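One structure is given below, encoded as structure tokens.
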Amino acid sequence: MSSYPPSSPAQPTTLRQRLAGLRGPAVPPRPLDARALAALAANPGCGRRALLDGAGVDKNALATALGSPAAFGQSQFAIVRGNSFEAKVKGDGGAELLRLVHAHLDTAAEPPGAGALVPDLTAAGPEGRAARTALALREATSAKDWTLLDHPMLALEVAGTPAYLEPDAVVVHPDGRWTVVEIKSFPMIDAAADAAKVGAAARQAAVYVLALERIAGKVAGAEVGHTVLLVCPKDFSNLPTAASVDIRRERSVTRRQLDRLTRVEELAAALPEGLSFDPERTAEELAEAVSAVEAAYAPECLAACELAFHCRERARAADEVTALGRSVRGELGALTTVEEALAAAAGAGCAEDPTAAALHRAARLRAEALEQAAALPRPHVPESPECPC
């Protein structure tokens, strides 16, 4: 009989350990922010992004290691300008910011005075700051006075993992309503801003609203407003102006899309042991690891995901119709490659497939239109006289 004690059974790997292994042993997790969540909600069918974001993988470093670095992001000048404008808006205890909220969203209430509350939200770590924010929201609602929460920390569970979000500001009204404030450095010219930028800000604010609703459900008398305040520079100056933005549609879409996300543990469980996205690995190993997770590439990813250029290259190499856009992919039905679509247009597709039949008919109509256009007499265009000089 052996004198050694019996070996203990192997302990199961926890989800935290599994995700740490996917990132790499020396790579800290990259926190999710509202911008990333809004982009994730816009493409819930992409398991690759859901897994990488849930595991805290630095997609920018991963894309660089793969040889397809991201080509977007704010410049340092834009970041400094944005921070300077935000400091100006929140100066003097947030008096100007509270005035804008009152003027645009709550004119029936008493105007905020000099004694408006600005609680200290300092705490250790994101969990501590989120707990301190929840307590400050509860106290502000009970106080029934104007309160400004500067950079609060909110928690939201996404695909089974917690995400900590930091809006620019949240204002508590005297009636217990909570309003999200988004401060952006792009201008409002003649009281109107760029529609695409406003849409992106609305989707980002919708994530904050969803996180606030989790807290408001536990606070008596609290209500989260579905109209957020967008604060921007006025015209070409550095003076703040504001506009109210209704985000009910963005909130509904974001909530539905986030609910559709596959849980991170399910995605991680389907991967082989030892797979890792550690940027210290070779490009070949990383490409194999990334290919092990199913993606749903679309051209819209180029403006929102660091891995978009790598995914586009692979989609084109595989002749996938997703590279042509989601609308085209939806119209083509069971035809998943460009070659299949072209074959169907040439009449070589399945005759019983209505999509193939419609493509073939469209190709015939196009060919007939081109033949008729070529047969038409061309109008005579007189030659311009030569310049005498």
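Residues in the structure tokens are named by chain (A, B, ... in the order shown) and by number from 1 within that chain; ligands are numbered from 1 in the order shown.
The shell of residues at most 12 Å from A:Arg256, with only C-alpha atoms counted and near chain neighbours (fewer than 5 positions) removed, consists of Ala38, Leu40, Ala41, Ala42, Asn43, Pro44, Val158, Ala206, Val207, Leu210, Arg249, Glu250, Arg251 and Leu261 of chain A.
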Practice problem: Write out as a count of residues only all residues of stretch 116-284 of chain A that backbone DSSP assigns to helix (DSSP H, G or I). | Solution: 62
Quiz prompt | All strand (DSSP E or B) positions in stretch 95-337 of chain A, as an MDAnalysis selection string | solution = chainID A and resid 117 147:150 154:158 161:165 169:172 177:183 188:189 192 223:224 227:234 240:246 320 337
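Candidate residues A:Val27, A:Ala348, A:Ala78, A:Ala131 were compared for distance to A:Ala61, and the nearest is A:Val27, using only C-alpha atoms.
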Quiz item: Of the candidates A:Val181, A:Leu376, A:Leu286, A:Val209, which shows the shortest atom-to-atom distance to A:Ser252, using only C-alpha atoms?
Solution: A:Val209
